[in-house]
file upload_36.csv (CSV, C-alpha atoms)
chain,number,residue,atom,x,y,z
A,1,MET,CA,4.9,-4.4,20.4
A,2,PRO,CA,1.4,-2.7,20.2
A,3,ILE,CA,-1.1,-4.4,18.0
A,4,LEU,CA,-4.1,-3.0,16.0
A,5,HIS,CA,-7.0,-5.3,16.5
A,6,VAL,CA,-9.5,-4.9,13.6
A,7,VAL,CA,-13.0,-6.2,13.8
A,8,ASN,CA,-15.7,-6.2,11.1
A,9,LYS,CA,-18.4,-8.5,12.5
A,10,SER,CA,-21.5,-7.6,14.5
A,11,PRO,CA,-21.0,-8.4,18.2
A,12,TYR,CA,-24.6,-9.7,18.3
A,13,GLU,CA,-23.8,-12.3,15.6
A,14,LYS,CA,-20.2,-13.4,16.2
A,15,ASN,CA,-17.8,-13.3,19.1
A,16,SER,CA,-15.1,-11.4,17.2
A,17,VAL,CA,-15.5,-8.2,19.2
A,18,ALA,CA,-15.3,-10.1,22.5
A,19,MET,CA,-12.2,-12.0,21.3
A,20,ALA,CA,-10.4,-8.8,20.2
A,21,ALA,CA,-11.3,-7.2,23.5
A,22,GLY,CA,-10.0,-10.2,25.4
A,23,TYR,CA,-6.7,-10.1,23.5
A,24,ALA,CA,-6.1,-6.4,23.6
A,25,LYS,CA,-3.2,-5.4,25.9
A,26,ASP,CA,-2.1,-2.0,27.1
A,27,GLY,CA,-0.9,0.1,24.1
A,28,ASP,CA,-3.1,-1.8,21.7
A,29,THR,CA,-6.1,-0.3,19.8
A,30,VAL,CA,-9.4,-2.0,18.9
A,31,LEU,CA,-10.7,-0.6,15.6
A,32,LEU,CA,-14.4,-1.3,14.7
A,33,ILE,CA,-15.3,-1.3,11.0
A,34,GLU,CA,-18.3,-2.5,9.0
A,35,ASP,CA,-20.8,-4.4,11.1
A,36,ALA,CA,-18.6,-4.2,14.2
A,37,VAL,CA,-19.4,-0.5,14.6
A,38,TYR,CA,-22.7,-1.6,16.2
A,39,ALA,CA,-20.6,-2.6,19.3
A,40,ALA,CA,-19.9,1.1,19.9
A,41,ILE,CA,-23.5,2.0,20.7
A,42,LYS,CA,-23.5,2.9,24.3
A,43,ALA,CA,-27.0,1.7,25.1
A,44,GLY,CA,-26.3,-1.7,23.5
A,45,SER,CA,-25.3,-4.7,25.6
A,46,ALA,CA,-22.1,-5.3,23.6
A,47,SER,CA,-20.5,-1.9,24.4
A,48,ALA,CA,-19.6,-3.2,27.9
A,49,LYS,CA,-17.1,-5.6,26.3
A,50,LEU,CA,-15.0,-2.6,25.2
A,51,SER,CA,-14.8,-0.7,28.5
A,52,GLY,CA,-11.3,0.3,29.5
A,53,LEU,CA,-9.8,-0.3,26.1
A,54,ASP,CA,-8.5,2.1,23.5
A,55,VAL,CA,-11.2,1.9,20.8
A,56,SER,CA,-11.6,3.6,17.4
A,57,VAL,CA,-14.5,3.3,15.0
A,58,LEU,CA,-14.6,4.1,11.3
A,59,GLY,CA,-17.0,7.1,10.9
A,60,SER,CA,-18.1,6.3,7.3
A,61,ASP,CA,-19.3,2.9,8.4
A,62,LEU,CA,-21.2,4.5,11.3
A,63,ALA,CA,-22.9,6.9,8.9
A,64,ALA,CA,-23.8,4.2,6.4
A,65,ARG,CA,-25.6,2.4,9.2
A,66,GLY,CA,-27.4,5.4,10.6
A,67,VAL,CA,-25.6,5.3,13.9
A,68,ALA,CA,-25.2,8.9,15.2
A,69,GLU,CA,-22.0,9.7,17.0
A,70,ASP,CA,-23.8,11.0,20.0
A,71,LYS,CA,-25.0,7.4,20.6
A,72,LEU,CA,-21.5,6.0,21.1
A,73,ALA,CA,-20.0,4.9,24.4
A,74,ASP,CA,-17.7,7.4,26.1
A,75,GLY,CA,-14.1,7.6,25.0
A,76,ILE,CA,-14.5,6.0,21.6
A,77,ASN,CA,-12.6,7.8,18.8
A,78,VAL,CA,-14.3,8.3,15.5
A,79,ILE,CA,-11.8,8.2,12.6
A,80,ASP,CA,-11.8,8.5,8.8
A,81,TYR,CA,-9.9,6.4,6.3
A,82,ALA,CA,-6.7,8.5,6.8
A,83,GLY,CA,-7.0,7.8,10.5
A,84,PHE,CA,-7.3,4.1,9.7
A,85,VAL,CA,-4.0,4.3,7.8
A,86,ASP,CA,-2.3,6.2,10.6
A,87,LEU,CA,-3.3,3.4,13.1
A,88,VAL,CA,-1.9,0.7,10.9
A,89,ASP,CA,1.3,2.8,10.5
A,90,THR,CA,1.8,3.4,14.2
A,91,LYS,CA,1.2,-0.1,15.5
A,92,ASP,CA,3.7,-2.9,15.0
A,93,SER,CA,1.2,-5.4,13.6
A,94,VAL,CA,-2.4,-5.8,12.6
A,95,GLN,CA,-4.6,-8.6,13.8
A,96,SER,CA,-7.9,-8.9,11.9
A,97,TRP,CA,-10.6,-10.8,13.9
A,98,LEU,CA,-12.7,-12.0,10.9
B,1,MET,CA,-56.5,-16.0,-11.6
B,2,ALA,CA,-58.2,-17.4,-8.5
B,3,GLY,CA,-55.1,-19.0,-7.1
B,4,GLU,CA,-55.0,-19.8,-3.4
B,5,ILE,CA,-53.6,-16.9,-1.3
B,6,LYS,CA,-50.9,-18.0,1.0
B,7,LYS,CA,-49.5,-16.3,4.0
B,8,LEU,CA,-45.8,-15.6,3.4
B,9,MET,CA,-43.4,-14.2,6.0
B,10,TYR,CA,-40.0,-12.8,5.2
B,11,VAL,CA,-37.7,-13.2,8.2
B,12,ASN,CA,-34.8,-10.7,8.3
B,13,ARG,CA,-32.0,-11.4,10.8
B,14,ARG,CA,-28.9,-9.7,9.2
B,15,ALA,CA,-27.6,-6.2,9.4
B,16,PRO,CA,-27.5,-4.2,6.1
B,17,TYR,CA,-24.2,-3.6,4.2
B,18,GLY,CA,-22.0,-6.2,5.9
B,19,THR,CA,-23.6,-9.0,3.9
B,20,ILE,CA,-25.9,-9.0,0.8
B,21,TYR,CA,-28.8,-10.6,2.7
B,22,ALA,CA,-30.7,-7.5,3.6
B,23,TRP,CA,-30.7,-6.1,0.1
B,24,GLU,CA,-31.5,-9.5,-1.5
B,25,SER,CA,-34.4,-9.9,0.9
B,26,LEU,CA,-35.8,-6.4,-0.1
B,27,GLU,CA,-35.5,-7.3,-3.8
B,28,VAL,CA,-37.3,-10.6,-3.4
B,29,VAL,CA,-40.0,-8.9,-1.3
B,30,LEU,CA,-40.6,-6.2,-4.0
B,31,ILE,CA,-40.6,-8.8,-6.8
B,32,GLY,CA,-42.9,-11.1,-4.8
B,33,ALA,CA,-45.3,-8.3,-4.2
B,34,ALA,CA,-46.6,-8.7,-7.8
B,35,PHE,CA,-48.1,-12.1,-6.9
B,36,ASP,CA,-50.9,-10.9,-4.6
B,37,GLN,CA,-50.2,-13.0,-1.6
B,38,ASP,CA,-50.6,-12.2,2.1
B,39,VAL,CA,-47.2,-10.9,3.0
B,40,SER,CA,-45.6,-10.1,6.4
B,41,LEU,CA,-42.1,-8.9,7.1
B,42,ALA,CA,-40.3,-9.8,10.4
B,43,PHE,CA,-37.2,-8.0,11.6
B,44,MET,CA,-35.2,-9.7,14.5
B,45,ASP,CA,-31.6,-10.0,15.7
B,46,ASP,CA,-29.4,-7.8,13.6
B,47,GLY,CA,-32.2,-7.4,11.1
B,48,VAL,CA,-33.6,-4.6,13.1
B,49,TYR,CA,-30.6,-2.5,12.0
B,50,GLN,CA,-32.0,-2.5,8.4
B,51,LEU,CA,-34.6,0.0,9.4
B,52,MET,CA,-32.3,2.5,11.1
B,53,LYS,CA,-33.0,6.1,10.3
B,54,GLY,CA,-30.5,8.4,8.7
B,55,GLN,CA,-28.3,5.9,6.8
B,56,ASP,CA,-25.8,7.8,4.8
B,57,THR,CA,-23.5,5.7,2.6
B,58,GLU,CA,-21.8,8.7,0.8
B,59,ALA,CA,-18.4,8.3,2.4
B,60,SER,CA,-18.3,4.6,2.3
B,61,GLY,CA,-19.2,4.4,-1.4
B,62,MET,CA,-21.9,1.8,-1.0
B,63,LYS,CA,-25.4,1.9,-2.4
B,64,ASN,CA,-27.9,3.2,0.1
B,65,PHE,CA,-31.1,1.1,-0.2
B,66,SER,CA,-32.7,2.2,3.0
B,67,ALA,CA,-35.2,4.6,1.4
B,68,THR,CA,-36.7,1.7,-0.4
B,69,TYR,CA,-38.3,0.4,2.8
B,70,GLY,CA,-40.5,3.5,2.7
B,71,ALA,CA,-42.0,2.3,-0.5
B,72,LEU,CA,-43.2,-1.0,0.9
B,73,GLY,CA,-46.6,0.5,1.7
B,74,ASP,CA,-47.1,1.3,-1.9
B,75,TYR,CA,-46.6,-2.4,-2.7
B,76,GLU,CA,-49.4,-3.2,-0.2
B,77,ILE,CA,-47.0,-4.6,2.3
B,78,THR,CA,-48.5,-3.4,5.5
B,79,LYS,CA,-47.5,-5.9,8.1
B,80,ILE,CA,-44.0,-5.3,9.4
B,81,PHE,CA,-43.1,-6.9,12.7
B,82,ILE,CA,-40.2,-5.7,14.9
B,83,GLU,CA,-39.1,-7.9,17.7
B,84,LYS,CA,-38.8,-5.9,20.9
B,85,GLU,CA,-36.1,-8.1,22.5
B,86,SER,CA,-33.8,-7.5,19.6
B,87,LEU,CA,-34.2,-3.8,19.9
B,88,ASP,CA,-33.7,-3.9,23.7
B,89,GLU,CA,-30.5,-5.9,23.5
B,90,ARG,CA,-29.0,-3.4,21.0
B,91,GLY,CA,-30.1,-0.3,22.9
B,92,LEU,CA,-32.5,0.8,20.3
B,93,THR,CA,-36.2,1.9,20.3
B,94,LEU,CA,-38.8,2.4,17.6
B,95,GLU,CA,-37.6,6.1,17.6
B,96,ASP,CA,-34.3,5.0,16.0
B,97,LEU,CA,-36.2,3.3,13.1
B,98,GLN,CA,-37.9,4.6,10.0
B,99,HIS,CA,-41.6,5.4,10.4
B,100,LEU,CA,-43.2,3.1,7.8
B,101,VAL,CA,-46.8,3.7,6.7
B,102,TRP,CA,-49.5,2.6,4.2
B,103,GLU,CA,-52.6,4.3,2.9
B,104,ASP,CA,-55.9,2.6,3.5
B,105,GLU,CA,-58.0,2.9,0.4
B,106,ASP,CA,-61.1,1.8,2.3
B,107,ASP,CA,-60.8,4.8,4.6
B,108,ASP,CA,-60.2,7.7,2.3
B,109,TRP,CA,-56.5,6.8,2.0
B,110,ALA,CA,-55.9,7.4,5.7
B,111,GLU,CA,-52.2,6.8,6.7
B,112,ARG,CA,-51.7,3.8,8.9
B,113,ASP,CA,-48.6,2.5,10.7
B,114,SER,CA,-47.1,-0.5,9.1
B,115,ILE,CA,-44.8,-1.4,11.9
B,116,GLN,CA,-45.9,-3.4,14.9
B,117,LEU,CA,-43.6,-3.8,17.9
B,118,VAL,CA,-44.0,-7.3,19.2
B,119,SER,CA,-42.5,-9.6,21.8
B,120,ARG,CA,-40.7,-12.8,20.9
B,121,THR,CA,-43.7,-14.8,22.1
B,122,GLU,CA,-46.1,-12.7,20.0
B,123,LEU,CA,-44.0,-13.0,16.9
B,124,ALA,CA,-43.7,-16.7,17.4
B,125,ASP,CA,-47.5,-16.8,17.4
B,126,VAL,CA,-47.6,-14.8,14.1
B,127,MET,CA,-45.0,-17.1,12.7
B,128,SER,CA,-46.9,-20.2,13.5
B,129,GLY,CA,-49.8,-18.9,11.5
B,130,GLN,CA,-47.8,-18.6,8.3
B,131,ASP,CA,-47.8,-21.0,5.3
B,132,ILE,CA,-44.3,-20.3,4.2
B,133,MET,CA,-41.2,-18.5,5.6
B,134,PHE,CA,-38.4,-17.0,3.6
B,135,ASN,CA,-35.2,-16.6,5.6
B,136,PHE,CA,-32.6,-13.9,5.1

call {"tool": "encode", "arguments": {"input": "upload_36.csv", "output": "structure tokens"}}
result
Amino acid sequence: MPILHVVNKSPYEKNSVAMAAGYAKDGDTVLLIEDAVYAAIKAGSASAKLSGLDVSVLGSDLAARGVAEDKLADGINVIDYAGFVDLVDTKDSVQSWL
Amino acid sequence: MAGEIKKLMYVNRRAPYGTIYAWESLEVVLIGAAFDQDVSLAFMDDGVYQLMKGQDTEASGMKNFSATYGALGDYEITKIFIEKESLDERGLTLEDLQHLVWEDEDDDWAERDSIQLVSRTELADVMSGQDIMFNF
């Protein structure tokens, strides 16, 4: 029963990214939106929490914050709103780590 | 109009867009600039993200207020402190941030850097010299 774990809080202010990463099992996806997109920056200390997981990030939220895609950790998928909908559709449930 | 000039510091610790704090701080700074005080801005924790270059909110439909930071020099706000530890933790350098300047009227309007990269210890010293801190 794969789950989509959605996170919208900065990993440097709350532990939501760490919690989502800790609960993500094989087949799950962690989706970073809003201030959680900062976790995807490769050179930042928070990106290590996501290693080995299936991670997507919302491109429009990256762009709004001035985070260039070439700064992201390896293997992170950049998606648009349609991709967000597809993820919700393909998983059995959605867990939002507010 | 010979009121006492106070040293005011605006302390910015929140990322832009996720909450309203960053934008509200900027609004208060610009309004407060009319009062002829000795103003400093400090950016630490997620506040350093406020100054990231290349913010483009087109696709997300939010208002992009990042260009406004470039006008701070025109409001005679010339002391902007960035905490190095916060940049380091986030994998950022000054190169990732906007280049903010002011023009020195006492030196033929020469352009000067507004941003000072400081350590936590140095910023604590600057903070201890302030009369009032505003926190966002």

call {"tool": "closest_atom_pairs", "arguments": {"input": "upload_36.csv", "of": "chain A", "to": "chain B", "cutoff": "10 Å", "atoms": "only C-alpha atoms", "output": "Markdown table"}}
result
| residue | atom | partner | partner_atom | distance |
| --- | --- | --- | --- | --- |
| A:Asn8 | CA | B:Gly18 | CA | 8.2 |
| A:Lys9 | CA | B:Gly18 | CA | 7.9 |
| A:Ser10 | CA | B:Asp46 | CA | 8.0 |
| A:Pro11 | CA | B:Asp46 | CA | 9.6 |
| A:Tyr12 | CA | B:Asp46 | CA | 7.0 |
| A:Glu13 | CA | B:Asp46 | CA | 7.5 |
| A:Ile33 | CA | B:Gly18 | CA | 9.7 |
| A:Glu34 | CA | B:Gly18 | CA | 6.1 |
| A:Asp35 | CA | B:Gly18 | CA | 5.6 |
| A:Ala36 | CA | B:Gly18 | CA | 9.2 |
| A:Tyr38 | CA | B:Arg90 | CA | 8.1 |
| A:Ala39 | CA | B:Arg90 | CA | 8.6 |
| A:Ile41 | CA | B:Gly91 | CA | 7.3 |
| A:Lys42 | CA | B:Gly91 | CA | 7.5 |
| A:Ala43 | CA | B:Gly91 | CA | 4.3 |
| A:Gly44 | CA | B:Arg90 | CA | 4.1 |
| A:Ser45 | CA | B:Glu89 | CA | 5.7 |
| A:Ala46 | CA | B:Arg90 | CA | 7.6 |
| A:Ser47 | CA | B:Arg90 | CA | 9.3 |
| A:Leu58 | CA | B:Ser60 | CA | 9.7 |
| A:Gly59 | CA | B:Ala59 | CA | 8.7 |
| A:Ser60 | CA | B:Ser60 | CA | 5.3 |
| A:Asp61 | CA | B:Ser60 | CA | 6.4 |
| A:Leu62 | CA | B:Gln55 | CA | 8.5 |
| A:Ala63 | CA | B:Asp56 | CA | 5.1 |
| A:Ala64 | CA | B:Thr57 | CA | 4.1 |
| A:Arg65 | CA | B:Gln55 | CA | 5.0 |
| A:Gly66 | CA | B:Gln55 | CA | 3.9 |
| A:Val67 | CA | B:Gln55 | CA | 7.6 |
| A:Ala68 | CA | B:Gly54 | CA | 8.4 |
| A:Lys71 | CA | B:Gly91 | CA | 9.5 |
| A:Asp80 | CA | B:Ala59 | CA | 9.2 |
| A:Tyr81 | CA | B:Ser60 | CA | 9.5 |

call {"tool": "atom_distance", "arguments": {"input": "upload_36.csv", "atom1": "CA of Met9 in chain B", "atom2": "CA of Val101 in chain B"}}
result
18.2 Å

call {"tool": "closest_residue", "arguments": {"input": "upload_36.csv", "among": "A:Lys14, A:Met19, A:Asp70, A:Pro2", "to": "Asp54 in chain A", "atoms": "all atoms listed in the file"}}
result
A:Pro2

call {"tool": "atom_distance", "arguments": {"input": "upload_36.csv", "atom1": "CA of Val11 in chain B", "atom2": "CA of Arg112 in chain B"}}
result
22.0 Å

call {"tool": "atom_distance", "arguments": {"input": "upload_36.csv", "atom1": "CA of Thr29 in chain A", "atom2": "CA of His5 in chain A"}}
result
6.1 Å

call {"tool": "residues_around", "arguments": {"input": "upload_36.csv", "residues": "Glu105 in chain B", "least_positions_apart": "5", "cutoff": "12 Å", "atoms": "only C-alpha atoms", "output": "MDAnalysis selection string"}}
result
chainID B and resid 73:74 76 110:112

call {"tool": "residues_around", "arguments": {"input": "upload_36.csv", "residues": "range 26-40 of chain B", "least_positions_apart": "2", "cutoff": "6 Å", "atoms": "only C-alpha atoms", "output": "PDB file with C-alpha atoms, in the frame of the given file"}}
result
ATOM      1  CA  ILE B   5     -53.600 -16.900  -1.300  1.00  0.00           C
ATOM      2  CA  LYS B   6     -50.900 -18.000   1.000  1.00  0.00           C
ATOM      3  CA  LYS B   7     -49.500 -16.300   4.000  1.00  0.00           C
ATOM      4  CA  LEU B   8     -45.800 -15.600   3.400  1.00  0.00           C
ATOM      5  CA  MET B   9     -43.400 -14.200   6.000  1.00  0.00           C
ATOM      6  CA  TRP B  23     -30.700  -6.100   0.100  1.00  0.00           C
ATOM      7  CA  GLU B  24     -31.500  -9.500  -1.500  1.00  0.00           C
ATOM      8  CA  LYS B  79     -47.500  -5.900   8.100  1.00  0.00           C
ATOM      9  CA  ILE B  80     -44.000  -5.300   9.400  1.00  0.00           C
TER      10      ILE B  80
END

call {"tool": "decode", "arguments": {"input": "upload_36.csv", "residues": "range 56-89 of chain B", "atoms": "N, CA and C atoms", "output": "PDB file, in the first residue's frame"}}
result
ATOM      1  N   ASP B  56      11.540  33.304  -9.061  1.00  0.00           N
ATOM      2  CA  ASP B  56      10.571  33.428 -10.153  1.00  0.00           C
ATOM      3  C   ASP B  56       9.257  32.781  -9.720  1.00  0.00           C
ATOM      4  N   THR B  57       8.291  33.609  -9.349  1.00  0.00           N
ATOM      5  CA  THR B  57       7.039  33.088  -8.787  1.00  0.00           C
ATOM      6  C   THR B  57       5.952  32.912  -9.835  1.00  0.00           C
ATOM      7  N   GLU B  58       6.309  33.104 -11.092  1.00  0.00           N
ATOM      8  CA  GLU B  58       5.318  33.049 -12.178  1.00  0.00           C
ATOM      9  C   GLU B  58       4.425  31.803 -12.086  1.00  0.00           C
ATOM     10  N   ALA B  59       5.052  30.632 -12.036  1.00  0.00           N
ATOM     11  CA  ALA B  59       4.288  29.383 -12.098  1.00  0.00           C
ATOM     12  C   ALA B  59       3.501  29.098 -10.820  1.00  0.00           C
ATOM     13  N   SER B  60       3.918  29.682  -9.711  1.00  0.00           N
ATOM     14  CA  SER B  60       3.217  29.389  -8.462  1.00  0.00           C
ATOM     15  C   SER B  60       2.155  30.436  -8.144  1.00  0.00           C
ATOM     16  N   GLY B  61       2.128  31.514  -8.929  1.00  0.00           N
ATOM     17  CA  GLY B  61       1.058  32.500  -8.782  1.00  0.00           C
ATOM     18  C   GLY B  61       1.163  33.387  -7.557  1.00  0.00           C
ATOM     19  N   MET B  62       2.354  33.416  -6.917  1.00  0.00           N
ATOM     20  CA  MET B  62       2.522  34.296  -5.757  1.00  0.00           C
ATOM     21  C   MET B  62       3.186  35.600  -6.179  1.00  0.00           C
ATOM     22  N   LYS B  63       3.056  36.619  -5.329  1.00  0.00           N
ATOM     23  CA  LYS B  63       3.727  37.881  -5.638  1.00  0.00           C
ATOM     24  C   LYS B  63       5.219  37.757  -5.329  1.00  0.00           C
ATOM     25  N   ASN B  64       6.034  38.148  -6.299  1.00  0.00           N
ATOM     26  CA  ASN B  64       7.488  38.108  -6.115  1.00  0.00           C
ATOM     27  C   ASN B  64       7.950  39.447  -5.552  1.00  0.00           C
ATOM     28  N   PHE B  65       8.309  39.464  -4.276  1.00  0.00           N
ATOM     29  CA  PHE B  65       8.736  40.727  -3.654  1.00  0.00           C
ATOM     30  C   PHE B  65      10.249  40.825  -3.533  1.00  0.00           C
ATOM     31  N   SER B  66      10.981  39.870  -4.147  1.00  0.00           N
ATOM     32  CA  SER B  66      12.428  39.826  -3.916  1.00  0.00           C
ATOM     33  C   SER B  66      13.167  41.025  -4.503  1.00  0.00           C
ATOM     34  N   ALA B  67      12.631  41.617  -5.588  1.00  0.00           N
ATOM     35  CA  ALA B  67      13.324  42.757  -6.190  1.00  0.00           C
ATOM     36  C   ALA B  67      13.343  43.964  -5.253  1.00  0.00           C
ATOM     37  N   THR B  68      12.402  44.003  -4.324  1.00  0.00           N
ATOM     38  CA  THR B  68      12.304  45.144  -3.415  1.00  0.00           C
ATOM     39  C   THR B  68      13.536  45.287  -2.523  1.00  0.00           C
ATOM     40  N   TYR B  69      14.197  44.150  -2.219  1.00  0.00           N
ATOM     41  CA  TYR B  69      15.409  44.236  -1.393  1.00  0.00           C
ATOM     42  C   TYR B  69      16.464  45.121  -2.064  1.00  0.00           C
ATOM     43  N   GLY B  70      16.446  45.123  -3.413  1.00  0.00           N
ATOM     44  CA  GLY B  70      17.402  45.937  -4.153  1.00  0.00           C
ATOM     45  C   GLY B  70      17.193  47.431  -3.963  1.00  0.00           C
ATOM     46  N   ALA B  71      16.020  47.821  -3.462  1.00  0.00           N
ATOM     47  CA  ALA B  71      15.718  49.241  -3.247  1.00  0.00           C
ATOM     48  C   ALA B  71      16.112  49.723  -1.858  1.00  0.00           C
ATOM     49  N   LEU B  72      16.547  48.812  -0.997  1.00  0.00           N
ATOM     50  CA  LEU B  72      16.836  49.215   0.388  1.00  0.00           C
ATOM     51  C   LEU B  72      17.906  50.305   0.455  1.00  0.00           C
ATOM     52  N   GLY B  73      18.884  50.234  -0.445  1.00  0.00           N
ATOM     53  CA  GLY B  73      19.929  51.252  -0.462  1.00  0.00           C
ATOM     54  C   GLY B  73      19.380  52.649  -0.693  1.00  0.00           C
ATOM     55  N   ASP B  74      18.348  52.739  -1.536  1.00  0.00           N
ATOM     56  CA  ASP B  74      17.726  54.034  -1.820  1.00  0.00           C
ATOM     57  C   ASP B  74      16.996  54.593  -0.600  1.00  0.00           C
ATOM     58  N   TYR B  75      16.675  53.716   0.335  1.00  0.00           N
ATOM     59  CA  TYR B  75      16.032  54.136   1.573  1.00  0.00           C
ATOM     60  C   TYR B  75      17.068  54.345   2.679  1.00  0.00           C
ATOM     61  N   GLU B  76      18.323  54.439   2.270  1.00  0.00           N
ATOM     62  CA  GLU B  76      19.437  54.643   3.196  1.00  0.00           C
ATOM     63  C   GLU B  76      19.557  53.531   4.229  1.00  0.00           C
ATOM     64  N   ILE B  77      19.169  52.334   3.829  1.00  0.00           N
ATOM     65  CA  ILE B  77      19.407  51.149   4.656  1.00  0.00           C
ATOM     66  C   ILE B  77      20.642  50.469   4.070  1.00  0.00           C
ATOM     67  N   THR B  78      21.739  50.620   4.783  1.00  0.00           N
ATOM     68  CA  THR B  78      23.051  50.271   4.218  1.00  0.00           C
ATOM     69  C   THR B  78      23.790  49.209   5.025  1.00  0.00           C
ATOM     70  N   LYS B  79      23.164  48.765   6.110  1.00  0.00           N
ATOM     71  CA  LYS B  79      23.826  47.767   6.964  1.00  0.00           C
ATOM     72  C   LYS B  79      23.002  46.493   6.987  1.00  0.00           C
ATOM     73  N   ILE B  80      23.419  45.534   6.175  1.00  0.00           N
ATOM     74  CA  ILE B  80      22.698  44.269   6.066  1.00  0.00           C
ATOM     75  C   ILE B  80      23.658  43.138   6.440  1.00  0.00           C
ATOM     76  N   PHE B  81      23.344  42.482   7.542  1.00  0.00           N
ATOM     77  CA  PHE B  81      24.236  41.438   8.070  1.00  0.00           C
ATOM     78  C   PHE B  81      23.693  40.052   7.721  1.00  0.00           C
ATOM     79  N   ILE B  82      24.565  39.208   7.151  1.00  0.00           N
ATOM     80  CA  ILE B  82      24.200  37.823   6.833  1.00  0.00           C
ATOM     81  C   ILE B  82      25.039  36.912   7.721  1.00  0.00           C
ATOM     82  N   GLU B  83      24.387  36.005   8.430  1.00  0.00           N
ATOM     83  CA  GLU B  83      25.127  35.111   9.317  1.00  0.00           C
ATOM     84  C   GLU B  83      25.723  33.935   8.538  1.00  0.00           C
ATOM     85  N   LYS B  84      27.043  33.797   8.630  1.00  0.00           N
ATOM     86  CA  LYS B  84      27.752  32.781   7.840  1.00  0.00           C
ATOM     87  C   LYS B  84      27.341  31.358   8.217  1.00  0.00           C
ATOM     88  N   GLU B  85      27.142  31.097   9.501  1.00  0.00           N
ATOM     89  CA  GLU B  85      26.772  29.742   9.918  1.00  0.00           C
ATOM     90  C   GLU B  85      25.466  29.293   9.258  1.00  0.00           C
ATOM     91  N   SER B  86      24.523  30.231   9.112  1.00  0.00           N
ATOM     92  CA  SER B  86      23.246  29.878   8.496  1.00  0.00           C
ATOM     93  C   SER B  86      23.420  29.551   7.017  1.00  0.00           C
ATOM     94  N   LEU B  87      24.267  30.317   6.323  1.00  0.00           N
ATOM     95  CA  LEU B  87      24.557  30.008   4.917  1.00  0.00           C
ATOM     96  C   LEU B  87      25.215  28.637   4.801  1.00  0.00           C
ATOM     97  N   ASP B  88      26.215  28.388   5.632  1.00  0.00           N
ATOM     98  CA  ASP B  88      26.971  27.137   5.561  1.00  0.00           C
ATOM     99  C   ASP B  88      26.062  25.916   5.732  1.00  0.00           C
ATOM    100  N   GLU B  89      25.207  25.972   6.747  1.00  0.00           N
ATOM    101  CA  GLU B  89      24.340  24.827   7.028  1.00  0.00           C
ATOM    102  C   GLU B  89      23.443  24.503   5.831  1.00  0.00           C
TER     103      GLU B  89
END
